[in-house]
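A.B. asks: What follows is the file structure_9.txt, containing compact mmCIF, C-alpha atoms and all ligand atoms:
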# COMPACT_ATOMS: atom_id res chain seq x y z
CA MET A 1 -22.90 12.70 13.64
CA GLU A 2 -20.18 14.55 11.81
CA ARG A 3 -16.75 13.19 11.00
CA ALA A 4 -15.17 16.34 12.41
CA GLN A 5 -16.76 15.53 15.79
CA CYS A 6 -15.43 11.97 15.64
CA LEU A 7 -11.97 13.25 14.84
CA GLU A 8 -12.12 15.76 17.67
CA LEU A 9 -13.06 12.97 20.07
CA LEU A 10 -10.33 10.72 18.72
CA TYR A 11 -7.61 13.37 18.49
CA PRO A 12 -6.17 13.04 22.03
CA GLU A 13 -5.98 9.26 21.56
CA LEU A 14 -3.94 9.71 18.39
CA GLN A 15 -1.09 11.35 20.29
CA ASP A 16 1.14 8.28 20.25
CA LYS A 17 -0.27 6.56 17.14
CA LEU A 18 0.75 6.63 13.49
CA VAL A 19 -2.13 7.98 11.44
CA VAL A 20 -2.81 7.71 7.72
CA THR A 21 -5.75 9.63 6.30
CA ILE A 22 -7.42 9.78 2.91
CA MET A 23 -7.52 12.90 0.80
CA GLY A 24 -9.73 15.91 0.88
CA ALA A 25 -12.20 16.68 3.63
CA CYS A 26 -10.96 14.05 6.07
CA ALA A 27 -7.33 15.11 5.72
CA GLN A 28 -8.28 18.75 6.20
CA GLU A 29 -10.38 18.09 9.28
CA LEU A 30 -7.53 16.18 10.91
CA TYR A 31 -5.00 18.84 9.96
CA ASP A 32 -7.27 21.57 11.34
CA LEU A 33 -7.16 19.92 14.76
CA GLY A 34 -3.40 20.42 14.72
CA HIS A 35 -0.81 18.70 12.58
CA ARG A 36 1.45 16.13 14.17
CA GLU A 37 4.58 14.61 12.73
CA SER A 38 2.91 11.20 13.06
CA PHE A 39 0.18 12.10 10.52
CA PHE A 40 0.42 11.14 6.86
CA TYR A 41 -2.11 12.69 4.51
CA LEU A 42 -2.63 10.60 1.39
CA GLN A 43 -3.83 13.43 -0.81
CA HIS A 44 -4.50 11.20 -3.81
CA ALA A 45 -4.11 7.51 -4.70
CA MET A 46 -7.64 6.64 -3.57
CA GLY A 47 -7.92 3.30 -1.80
CA LEU A 48 -4.35 2.96 -0.64
CA ALA A 49 -4.57 4.52 2.83
CA SER A 50 -5.38 1.12 4.32
CA SER A 51 -2.58 -0.53 2.34
CA ILE A 52 -0.10 2.02 3.69
CA GLY A 53 -1.49 1.32 7.15
CA LEU A 54 -1.00 -2.41 6.63
CA GLY A 55 2.59 -1.85 5.47
CA LEU A 56 3.26 0.29 8.54
CA ALA A 57 1.58 -2.11 10.96
CA LEU A 58 3.39 -5.20 9.67
CA HIS A 59 6.79 -3.53 9.67
CA LEU A 60 6.35 -1.72 12.99
CA PRO A 61 4.79 -4.25 15.36
CA GLU A 62 5.56 -2.07 18.37
CA GLU A 63 3.59 0.90 16.99
CA ARG A 64 -0.17 1.34 16.80
CA VAL A 65 -1.52 2.47 13.44
CA VAL A 66 -4.84 4.19 12.74
CA VAL A 67 -6.19 4.54 9.19
CA LEU A 68 -8.88 7.14 8.49
CA ASP A 69 -10.65 5.99 5.34
CA GLY A 70 -13.77 6.91 3.41
CA ASP A 71 -16.51 4.93 1.68
CA GLY A 72 -15.51 6.10 -1.79
CA SER A 73 -11.86 5.40 -1.11
CA VAL A 74 -12.32 1.95 0.35
CA LEU A 75 -14.70 1.02 -2.48
CA MET A 76 -11.76 1.53 -4.84
CA ASN A 77 -9.72 -1.10 -3.01
CA LEU A 78 -12.07 -3.63 -1.48
CA GLY A 79 -9.39 -6.27 -1.83
CA THR A 80 -7.53 -4.48 0.95
CA LEU A 81 -10.07 -5.81 3.47
CA THR A 82 -9.19 -9.36 2.45
CA THR A 83 -5.47 -8.67 2.72
CA LEU A 84 -5.99 -7.06 6.13
CA ALA A 85 -7.96 -10.11 7.26
CA ARG A 86 -5.32 -12.51 5.95
CA TYR A 87 -2.36 -10.85 7.67
CA ARG A 88 -4.39 -9.58 10.64
CA PRO A 89 -2.02 -6.99 12.07
CA ARG A 90 -2.82 -6.75 15.79
CA ASN A 91 -1.83 -3.11 15.89
CA LEU A 92 -4.10 -1.67 13.20
CA LEU A 93 -7.39 0.18 13.55
CA HIS A 94 -9.14 0.88 10.25
CA ILE A 95 -11.83 3.54 10.57
CA ILE A 96 -14.07 3.99 7.55
CA PHE A 97 -16.02 7.24 7.67
CA ASP A 98 -19.04 6.31 5.60
CA ASN A 99 -20.76 9.55 4.65
CA GLU A 100 -22.55 7.77 1.79
CA SER A 101 -21.02 10.36 -0.48
CA LEU A 102 -18.05 11.26 -2.65
CA LEU A 103 -17.96 14.46 -0.66
CA SER A 104 -14.56 15.82 -1.65
CA THR A 105 -15.38 15.67 -5.32
CA GLY A 106 -18.78 17.31 -5.39
CA GLY A 107 -20.91 15.16 -3.11
CA PHE A 108 -22.09 12.56 -5.59
CA ASP A 109 -23.81 9.51 -4.15
CA SER A 110 -21.65 6.47 -3.56
CA GLN A 111 -22.56 2.79 -3.58
CA THR A 112 -23.26 3.02 0.15
CA THR A 113 -25.89 5.76 -0.26
CA SER A 114 -29.23 4.80 1.35
CA GLY A 115 -27.49 1.79 2.82
CA ILE A 116 -27.45 -0.16 -0.45
CA THR A 117 -23.94 -1.45 0.20
CA ASP A 118 -22.98 -2.31 3.78
CA LEU A 119 -19.24 -1.87 4.22
CA ALA A 120 -19.26 -3.49 7.66
CA ALA A 121 -20.83 -6.60 6.15
CA ILE A 122 -18.16 -6.59 3.47
CA ALA A 123 -15.43 -6.27 6.11
CA ARG A 124 -16.94 -9.17 8.06
CA GLY A 125 -17.26 -11.21 4.90
CA ALA A 126 -13.64 -10.49 4.15
CA GLY A 127 -12.82 -12.23 7.40
CA ILE A 128 -12.15 -9.35 9.78
CA GLN A 129 -13.18 -10.45 13.27
CA HIS A 130 -13.84 -7.14 15.00
CA VAL A 131 -16.15 -4.94 12.95
CA VAL A 132 -18.47 -2.33 14.47
CA THR A 133 -20.89 0.11 12.86
CA ALA A 134 -21.18 3.35 14.82
CA GLY A 135 -24.15 5.63 14.27
CA THR A 136 -23.76 8.02 17.19
CA LEU A 137 -20.81 9.83 18.68
CA MET A 138 -21.18 7.77 21.83
CA GLU A 139 -21.03 4.53 19.86
CA PHE A 140 -18.06 5.79 17.91
CA GLY A 141 -16.15 6.81 21.01
CA GLU A 142 -16.78 3.48 22.71
CA ALA A 143 -15.87 1.48 19.62
CA ALA A 144 -12.69 3.48 19.10
CA LEU A 145 -11.53 3.14 22.71
CA GLU A 146 -12.24 -0.59 22.68
CA ALA A 147 -10.43 -1.06 19.40
CA LEU A 148 -7.39 0.90 20.56
CA GLU A 149 -7.13 -1.28 23.64
CA ARG A 150 -7.77 -4.51 21.78
CA ASP A 151 -4.72 -6.42 20.65
CA ASP A 152 -6.24 -7.21 17.28
CA LEU A 153 -7.19 -5.80 13.91
CA SER A 154 -10.39 -3.75 14.14
CA VAL A 155 -12.63 -2.01 11.66
CA ILE A 156 -15.11 0.73 12.59
CA VAL A 157 -17.62 1.90 10.02
CA ALA A 158 -18.70 5.33 11.26
CA LYS A 159 -21.90 6.56 9.64
CA VAL A 160 -21.37 10.31 9.35
CA ASP A 161 -23.10 13.23 7.67
CA ALA A 162 -21.85 14.32 4.29
CA VAL A 163 -20.33 17.59 5.44
CA GLY A 164 -16.78 18.84 5.31
CA PRO A 165 -14.68 21.87 6.15
CA ASP A 166 -15.39 25.29 4.69
CA LEU A 167 -11.80 26.07 3.90
CA TYR A 168 -9.05 23.95 2.47
CA GLY A 169 -5.29 24.42 2.66
CA MET A 170 -2.26 23.01 4.41
CA ASP A 171 1.13 24.51 5.05
CA LEU A 172 2.82 21.25 4.11
CA GLN A 173 4.12 20.06 0.75
CA LEU A 174 3.33 16.45 -0.09
CA PRO A 175 6.90 15.07 -0.25
CA GLU A 176 7.69 17.14 2.85
CA ASN A 177 4.93 15.28 4.68
CA ALA A 178 6.39 11.95 3.52
CA PHE A 179 9.96 12.89 4.51
CA ARG A 180 8.97 14.17 7.92
CA PHE A 181 6.63 11.25 8.62
CA ARG A 182 9.42 8.80 7.83
CA ARG A 183 11.95 10.75 9.87
CA HIS A 184 9.56 10.80 12.80
CA ILE A 185 9.08 7.02 12.62
CA LEU A 186 12.81 6.36 12.39
CA ASP A 187 13.41 8.63 15.38
CA ARG A 188 10.79 6.74 17.35
CA LYS A 189 12.43 3.44 16.41
CA GLN A 190 15.75 4.73 17.75
CA ALA A 191 14.27 6.02 20.98
CA MET B 1 8.90 -25.02 -21.68
CA THR B 2 9.09 -24.80 -17.89
CA VAL B 3 9.93 -22.10 -15.39
CA SER B 4 13.65 -22.16 -14.61
CA TYR B 5 14.29 -23.71 -11.21
CA GLU B 6 17.92 -22.64 -11.24
CA ASN B 7 17.28 -19.04 -12.20
CA SER B 8 14.38 -18.69 -9.79
CA LYS B 9 16.80 -19.68 -7.04
CA ILE B 10 19.36 -17.18 -8.30
CA ILE B 11 16.71 -14.43 -8.26
CA PHE B 12 15.58 -15.37 -4.77
CA ASP B 13 19.14 -15.45 -3.47
CA GLY B 14 19.73 -12.11 -5.18
CA ILE B 15 16.75 -10.57 -3.40
CA LYS B 16 18.08 -11.74 -0.05
CA ALA B 17 21.63 -10.67 -0.86
CA ALA B 18 20.32 -7.17 -1.64
CA GLY B 19 19.25 -6.96 2.01
CA ILE B 20 15.52 -7.22 1.33
CA ARG B 21 13.52 -8.38 4.36
CA THR B 22 9.93 -8.24 3.15
CA VAL B 23 8.38 -8.75 -0.26
CA SER B 24 4.89 -7.91 -1.45
CA ALA B 25 3.67 -9.86 -4.40
CA LEU B 26 0.87 -11.26 -6.45
CA PRO B 27 1.65 -14.75 -7.73
CA GLU B 28 1.97 -15.65 -11.38
CA THR B 29 3.62 -18.54 -13.21
CA TRP B 30 7.10 -17.15 -13.78
CA LEU B 31 7.30 -15.88 -10.21
CA GLY B 32 5.96 -19.07 -8.67
CA LEU B 33 9.21 -20.69 -7.69
CA VAL B 34 10.65 -17.45 -6.30
CA LEU B 35 7.51 -16.94 -4.21
CA GLN B 36 7.54 -20.52 -2.96
CA ARG B 37 11.04 -19.96 -1.66
CA ALA B 38 9.93 -16.72 -0.02
CA GLU B 39 7.06 -18.57 1.66
CA ASP B 40 9.41 -21.20 3.01
CA ASP B 41 12.21 -18.89 4.15
CA PRO B 42 11.84 -17.56 7.70
CA GLU B 43 14.24 -14.70 6.97
CA LEU B 44 12.03 -13.19 4.29
CA GLU B 45 8.42 -12.22 4.88
CA LEU B 46 6.01 -12.52 1.99
CA ILE B 47 2.90 -10.33 1.88
CA GLN B 48 0.53 -11.55 -0.79
CA VAL B 49 -1.92 -8.96 -2.05
CA ALA B 50 -5.26 -9.38 -3.79
CA LYS B 51 -4.37 -6.76 -6.40
CA GLU B 52 -0.99 -5.28 -7.25
CA GLU B 53 -1.93 -1.69 -6.47
CA GLU B 54 -2.20 -2.64 -2.80
CA ALA B 55 1.48 -3.51 -2.88
CA ILE B 56 2.35 0.10 -3.73
CA GLY B 57 0.73 1.18 -0.46
CA ILE B 58 2.37 -1.61 1.50
CA ALA B 59 5.75 -0.70 0.00
CA ALA B 60 5.22 2.91 1.06
CA GLY B 61 4.45 1.70 4.60
CA ALA B 62 7.62 -0.40 4.61
CA TYR B 63 9.65 2.58 3.39
CA PHE B 64 8.23 4.83 6.11
CA ALA B 65 9.14 2.11 8.58
CA GLY B 66 12.71 2.03 7.26
CA GLU B 67 12.50 -1.63 6.23
CA PRO B 68 14.01 -2.82 2.92
CA HIS B 69 11.14 -4.02 0.72
CA LEU B 70 10.71 -5.28 -2.81
CA LEU B 71 7.69 -5.84 -5.05
CA LEU B 72 7.12 -8.82 -7.34
CA MET B 73 4.41 -8.76 -9.98
CA GLN B 74 3.79 -9.48 -13.62
CA ASN B 75 3.55 -6.64 -16.10
CA HIS B 76 -0.23 -6.77 -16.14
CA GLY B 77 -0.14 -6.21 -12.41
CA PHE B 78 2.14 -3.24 -12.98
CA LEU B 79 -0.44 -1.89 -15.41
CA ALA B 80 -3.12 -2.42 -12.74
CA ALA B 81 -1.06 -0.49 -10.17
CA ILE B 82 -0.34 2.66 -12.13
CA ASN B 83 -2.41 5.20 -10.20
CA GLY B 84 -0.79 4.04 -6.99
CA ILE B 85 2.65 4.38 -8.56
CA VAL B 86 1.90 7.86 -9.89
CA SER B 87 -0.28 9.32 -7.12
CA LEU B 88 1.52 7.80 -4.15
CA ALA B 89 5.08 6.81 -4.99
CA GLN B 90 5.94 9.49 -7.52
CA LEU B 91 3.84 12.25 -5.97
CA TYR B 92 5.44 11.77 -2.55
CA SER B 93 8.95 10.70 -3.69
CA ILE B 94 8.70 7.19 -2.30
CA PRO B 95 11.08 4.56 -3.74
CA LEU B 96 9.75 1.31 -5.21
CA CYS B 97 11.95 -1.57 -6.26
CA MET B 98 9.78 -3.57 -8.65
CA LEU B 99 10.68 -6.91 -10.20
CA ILE B 100 8.28 -7.34 -13.08
CA ALA B 101 7.77 -10.54 -15.06
CA LEU B 102 7.65 -9.40 -18.68
CA ARG B 103 4.97 -11.65 -20.08
CA GLY B 104 3.72 -11.30 -23.63
CA HIS B 105 6.97 -10.40 -25.31
CA TRP B 106 9.48 -12.08 -27.70
CA GLY B 107 8.53 -15.72 -28.14
CA GLU B 108 5.19 -15.41 -26.32
CA PRO B 109 2.86 -18.19 -27.45
CA TYR B 110 -0.20 -17.06 -25.46
CA ALA B 111 -2.35 -14.40 -27.10
CA TRP B 112 -3.75 -13.03 -23.83
CA HIS B 113 -0.36 -11.86 -22.66
CA THR B 114 0.64 -10.03 -25.82
CA ARG B 115 -1.01 -6.60 -25.49
CA GLY B 116 0.44 -6.08 -22.05
CA GLY B 117 3.82 -7.26 -23.23
CA ILE B 118 3.83 -4.91 -26.17
CA VAL B 119 2.95 -1.78 -24.18
CA THR B 120 4.94 -2.32 -20.98
CA GLU B 121 8.16 -0.64 -22.08
CA GLY B 122 6.26 2.33 -23.53
CA VAL B 123 4.29 2.80 -20.32
CA LEU B 124 7.46 2.66 -18.22
CA ARG B 125 9.00 5.32 -20.46
CA ALA B 126 5.88 7.49 -20.31
CA LEU B 127 6.03 7.34 -16.51
CA ALA B 128 9.77 8.09 -16.49
CA ILE B 129 10.37 4.91 -14.53
CA PRO B 130 13.98 3.75 -15.01
CA PHE B 131 14.14 0.10 -16.10
CA GLU B 132 16.53 -2.64 -17.16
CA TYR B 133 16.00 -6.04 -18.72
CA ALA B 134 17.23 -9.05 -16.78
CA ARG B 135 18.26 -11.77 -19.24
CA ASP B 136 21.47 -13.22 -17.88
CA PRO B 137 21.47 -15.35 -14.71
CA ALA B 138 25.06 -14.35 -14.07
CA LYS B 139 24.03 -10.69 -13.82
CA VAL B 140 20.57 -10.72 -12.29
CA ALA B 141 21.63 -10.66 -8.63
CA ALA B 142 23.71 -7.53 -9.25
CA GLN B 143 20.83 -6.02 -11.20
CA ILE B 144 18.46 -6.57 -8.27
CA ARG B 145 20.91 -4.96 -5.86
CA ASP B 146 21.46 -2.05 -8.25
CA ALA B 147 17.72 -1.58 -8.77
CA TYR B 148 17.21 -1.36 -5.01
CA THR B 149 20.14 1.04 -4.56
CA PHE B 150 18.88 3.28 -7.34
CA SER B 151 15.27 3.32 -6.10
CA GLU B 152 16.49 4.44 -2.67
CA SER B 153 18.85 7.12 -3.97
CA SER B 154 16.44 8.51 -6.57
CA LEU B 155 13.34 8.17 -4.34
CA SER B 156 11.66 6.82 -7.43
CA PRO B 157 10.02 3.67 -8.72
CA VAL B 158 12.54 1.47 -10.54
CA ALA B 159 11.71 -1.63 -12.59
CA LEU B 160 13.73 -4.72 -13.41
CA LEU B 161 12.01 -6.64 -16.21
CA LEU B 162 12.37 -10.41 -15.89
CA THR B 163 12.50 -11.79 -19.43
CA ARG B 164 11.70 -15.15 -21.00
CA ASP B 165 15.44 -15.84 -21.49
CA LEU B 166 15.87 -15.74 -17.74
CA MET B 167 12.61 -17.25 -16.54
CA GLU B 168 12.12 -20.23 -18.85
CA ASP B 169 14.28 -23.25 -19.55
C1 LIG A 201 -8.67 7.45 -9.08
C2 LIG A 201 -9.46 8.65 -8.72
N1 LIG A 201 -10.71 8.81 -9.23
C3 LIG A 201 -11.45 9.88 -8.88
C4 LIG A 201 -10.94 10.82 -8.01
C5 LIG A 201 -11.78 12.03 -7.63
N2 LIG A 201 -12.10 12.04 -6.21
C6 LIG A 201 -11.49 12.86 -5.34
S1 LIG A 201 -12.09 12.74 -3.80
C7 LIG A 201 -13.21 11.58 -4.26
C8 LIG A 201 -14.21 11.03 -3.28
C9 LIG A 201 -13.65 10.52 -2.02
O1 LIG A 201 -14.71 9.89 -1.34
P1 LIG A 201 -14.53 9.29 0.10
O2 LIG A 201 -13.36 8.42 0.16
O3 LIG A 201 -15.84 8.68 0.46
O4 LIG A 201 -14.23 10.54 1.02
P2 LIG A 201 -15.11 11.89 1.21
O5 LIG A 201 -14.61 12.86 0.19
O6 LIG A 201 -16.55 11.53 1.03
O7 LIG A 201 -14.78 12.33 2.57
C10 LIG A 201 -13.09 11.29 -5.62
C11 LIG A 201 -13.94 10.32 -6.34
C12 LIG A 201 -9.63 10.62 -7.51
N3 LIG A 201 -9.07 11.44 -6.64
N4 LIG A 201 -8.93 9.52 -7.88
What is this structure when it is put down as structure tokens?
Ligand SMILES: Cc1ncc(C[n+]2csc(CCOP(=O)(O)OP(=O)(O)O)c2C)c(N)n1

C.D. replies:
Amino acid sequence: MERAQCLELLYPELQDKLVVTIMGACAQELYDLGHRESFFYLQHAMGLASSIGLGLALHLPEERVVVLDGDGSVLMNLGTLTTLARYRPRNLLHIIFDNESLLSTGGFDSQTTSGITDLAAIARGAGIQHVVTAGTLMEFGEAALEALERDDLSVIVAKVDAVGPDLYGMDLQLPENAFRFRRHILDRKQA
Amino acid sequence: MTVSYENSKIIFDGIKAAGIRTVSALPETWLGLVLQRAEDDPELELIQVAKEEEAIGIAAGAYFAGEPHLLLMQNHGFLAAINGIVSLAQLYSIPLCMLIALRGHWGEPYAWHTRGGIVTEGVLRALAIPFEYARDPAKVAAQIRDAYTFSESSLSPVALLLTRDLMED
């Protein structure tokens, strides 16, 4: 299964969610489906997408937050899983696209390559109650729909192929993304 | 030498008076009494991280949510959070109001704190992060408020360094 397929499947469900994605291929694939004001692309600062998601979820209990993470990124901030477990925001879905690769920086192996490290086991060990590994698009779709309906913190580790988009580029400056994302959230709070 | 009960209370009251509603932090000795108060106070929510860099992300989330937030850490935690500060806060113009316990400086008896203490000011300067020293309990509440105001207006990280004069009796 490819991450782009997962994102395509998920995209209609993201309509009314706040979404934070990691840098590179994942950000581009989401953007290519059509930018929304509720999307924040963390184009650097590896590891912090889930921390931003936690900050959003705790401060906006009436919103639902989806984090699109990667194996390399989450490996840089494994402590985040323990902080997520401790504060257990009911409105957060943390999807880790595990392509067993540092794809966006040349496709080097990561610690999850060949299944050496099991991120779902780490998430469970961290104390997260709802953790699913999805190996097929069907499994991913089911897990995502369940998680979005569940009133609890969920983690999905989606095992995807190490492939990304052919072309990169966004018509969006980084601070512009931050300003507009914040504006959008404040407008939603007012509404 | 003990952590100042009085001044910890002044700092905590200053944080609340600045309108802060949530705090992310990693505990350390000088911050202990402030954090205990935060834990016990229903009006202030404490989010305790496993590593200080997480708090940069959480602070960004709070900012996007429009909620007044403050970070508490020791200087070694600041050093551990630098890529988050640079590649999230500074890159995206996100304010951070950081209260940093300045361990390892004038009068420091513990060797393990000293390298971090010696380099902290230089690192703040290299990162163009505006900072002030908090030494006087009569001024620290205003300094916290001013740090928060300035972080929000400049869309930048701002640091208030909590010194030994303030934190120890
Ligand atoms: C602190 C830091 N170190 C190294 C890099 C270089 N880098 C850019 S993307 C990337 C890999 C990201 O891997 P992952 O999160 O698994 O996402 P993927 O690219 O595989 O989709 C790395 C290591 C970086 N951006 N930041």

A.B. asks: With distances taken over all atoms listed in the file, which of A:Ile128, A:Ile52, A:Val155, A:Ala162 is nearest to chain B?

C.D. replies: A:Ile52

A.B. asks: Considering only C-alpha atoms and all ligand atoms, give me a table of residues in chain B that are at most 10 Å from ligand LIG 201 (chain A), with the closest atom pair and distance in Å for each, as a Markdown table.

C.D. replies:
| residue | atom | partner | partner_atom | distance |
| --- | --- | --- | --- | --- |
| B:Asn83 | CA | A:LIG201 | C1 | 6.7 |
| B:Gly84 | CA | A:LIG201 | C1 | 8.8 |
| B:Ser87 | CA | A:LIG201 | N4 | 8.7 |

A.B. asks: Work out how far atom CA of A:Glu2 is from atom CA of A:Ile116, in Å to one decimal.

C.D. replies: 20.5 Å

A.B. asks: Which residue, B:Ala50, B:Ile82, B:Ala101, B:Ala18, has the smallest gap to chain A when you use all atoms listed in the file?

C.D. replies: B:Ala50

A.B. asks: Check every residue of chain A for an atom within 10 Å of chain B, counting only C-alpha atoms, and provide those that qualify as a PyMOL selection string.

C.D. replies: chain A and resi 20+42-60+77-84+86-87+173-186+189

A.B. asks: Leaving out stretch 98-109 of chain A and any residue of its chain fewer than 6 positions from it, which residues lie within 12 Å of it when counting only C-alpha atoms, given as a CSV table (one decimal) with C-alpha atoms, in the frame of the given file?

C.D. replies:
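Okay, out-v9.csv is ready:
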chain,number,residue,atom,x,y,z
A,1,MET,CA,-22.9,12.7,13.6
A,2,GLU,CA,-20.2,14.6,11.8
A,3,ARG,CA,-16.8,13.2,11.0
A,4,ALA,CA,-15.2,16.3,12.4
A,22,ILE,CA,-7.4,9.8,2.9
A,23,MET,CA,-7.5,12.9,0.8
A,24,GLY,CA,-9.7,15.9,0.9
A,25,ALA,CA,-12.2,16.7,3.6
A,26,CYS,CA,-11.0,14.0,6.1
A,27,ALA,CA,-7.3,15.1,5.7
A,28,GLN,CA,-8.3,18.8,6.2
A,29,GLU,CA,-10.4,18.1,9.3
A,43,GLN,CA,-3.8,13.4,-0.8
A,44,HIS,CA,-4.5,11.2,-3.8
A,46,MET,CA,-7.6,6.6,-3.6
A,68,LEU,CA,-8.9,7.1,8.5
A,69,ASP,CA,-10.6,6.0,5.3
A,70,GLY,CA,-13.8,6.9,3.4
A,71,ASP,CA,-16.5,4.9,1.7
A,72,GLY,CA,-15.5,6.1,-1.8
A,73,SER,CA,-11.9,5.4,-1.1
A,74,VAL,CA,-12.3,2.0,0.4
A,75,LEU,CA,-14.7,1.0,-2.5
A,76,MET,CA,-11.8,1.5,-4.8
A,115,GLY,CA,-27.5,1.8,2.8
A,116,ILE,CA,-27.4,-0.2,-0.4
A,117,THR,CA,-23.9,-1.4,0.2
A,118,ASP,CA,-23.0,-2.3,3.8
A,119,LEU,CA,-19.2,-1.9,4.2
A,120,ALA,CA,-19.3,-3.5,7.7
A,133,THR,CA,-20.9,0.1,12.9
A,134,ALA,CA,-21.2,3.4,14.8
A,135,GLY,CA,-24.2,5.6,14.3
A,156,ILE,CA,-15.1,0.7,12.6
A,157,VAL,CA,-17.6,1.9,10.0
A,158,ALA,CA,-18.7,5.3,11.3
A,159,LYS,CA,-21.9,6.6,9.6
A,160,VAL,CA,-21.4,10.3,9.4
A,161,ASP,CA,-23.1,13.2,7.7
A,162,ALA,CA,-21.8,14.3,4.3
A,163,VAL,CA,-20.3,17.6,5.4
A,164,GLY,CA,-16.8,18.8,5.3
A,165,PRO,CA,-14.7,21.9,6.2
A,166,ASP,CA,-15.4,25.3,4.7
A,167,LEU,CA,-11.8,26.1,3.9
A,168,TYR,CA,-9.0,24.0,2.5

A.B. asks: Please complete stretch 6-17 of chain A so it has N, CA and C atoms, and hand it over as a PDB file, keeping the file's coordinate frame.

C.D. replies:
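So the final result, stored in result_2.pdb, reads:
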ATOM      1  N   CYS A   6     -16.129  13.240  15.351  1.00  0.00           N
ATOM      2  CA  CYS A   6     -15.430  11.970  15.640  1.00  0.00           C
ATOM      3  C   CYS A   6     -13.932  12.221  15.761  1.00  0.00           C
ATOM      4  N   LEU A   7     -13.410  13.001  14.832  1.00  0.00           N
ATOM      5  CA  LEU A   7     -11.970  13.250  14.840  1.00  0.00           C
ATOM      6  C   LEU A   7     -11.560  14.030  16.083  1.00  0.00           C
ATOM      7  N   GLU A   8     -12.412  14.967  16.475  1.00  0.00           N
ATOM      8  CA  GLU A   8     -12.120  15.760  17.670  1.00  0.00           C
ATOM      9  C   GLU A   8     -12.055  14.859  18.905  1.00  0.00           C
ATOM     10  N   LEU A   9     -13.014  13.918  18.958  1.00  0.00           N
ATOM     11  CA  LEU A   9     -13.060  12.970  20.070  1.00  0.00           C
ATOM     12  C   LEU A   9     -11.821  12.059  20.069  1.00  0.00           C
ATOM     13  N   LEU A  10     -11.423  11.677  18.877  1.00  0.00           N
ATOM     14  CA  LEU A  10     -10.330  10.720  18.720  1.00  0.00           C
ATOM     15  C   LEU A  10      -8.953  11.386  18.909  1.00  0.00           C
ATOM     16  N   TYR A  11      -8.898  12.670  18.614  1.00  0.00           N
ATOM     17  CA  TYR A  11      -7.610  13.370  18.490  1.00  0.00           C
ATOM     18  C   TYR A  11      -6.662  13.142  19.676  1.00  0.00           C
ATOM     19  N   PRO A  12      -7.121  13.261  20.913  1.00  0.00           N
ATOM     20  CA  PRO A  12      -6.170  13.040  22.030  1.00  0.00           C
ATOM     21  C   PRO A  12      -5.612  11.621  22.034  1.00  0.00           C
ATOM     22  N   GLU A  13      -6.425  10.659  21.599  1.00  0.00           N
ATOM     23  CA  GLU A  13      -5.980   9.260  21.560  1.00  0.00           C
ATOM     24  C   GLU A  13      -4.923   9.023  20.479  1.00  0.00           C
ATOM     25  N   LEU A  14      -4.867   9.912  19.509  1.00  0.00           N
ATOM     26  CA  LEU A  14      -3.940   9.710  18.390  1.00  0.00           C
ATOM     27  C   LEU A  14      -2.518  10.154  18.718  1.00  0.00           C
ATOM     28  N   GLN A  15      -2.375  10.796  19.848  1.00  0.00           N
ATOM     29  CA  GLN A  15      -1.090  11.350  20.290  1.00  0.00           C
ATOM     30  C   GLN A  15       0.114  10.440  19.998  1.00  0.00           C
ATOM     31  N   ASP A  16      -0.003   9.184  20.384  1.00  0.00           N
ATOM     32  CA  ASP A  16       1.140   8.280  20.250  1.00  0.00           C
ATOM     33  C   ASP A  16       0.937   7.237  19.145  1.00  0.00           C
ATOM     34  N   LYS A  17      -0.003   7.504  18.231  1.00  0.00           N
ATOM     35  CA  LYS A  17      -0.270   6.560  17.140  1.00  0.00           C
ATOM     36  C   LYS A  17       0.295   7.100  15.818  1.00  0.00           C
TER      37      LYS A  17
END
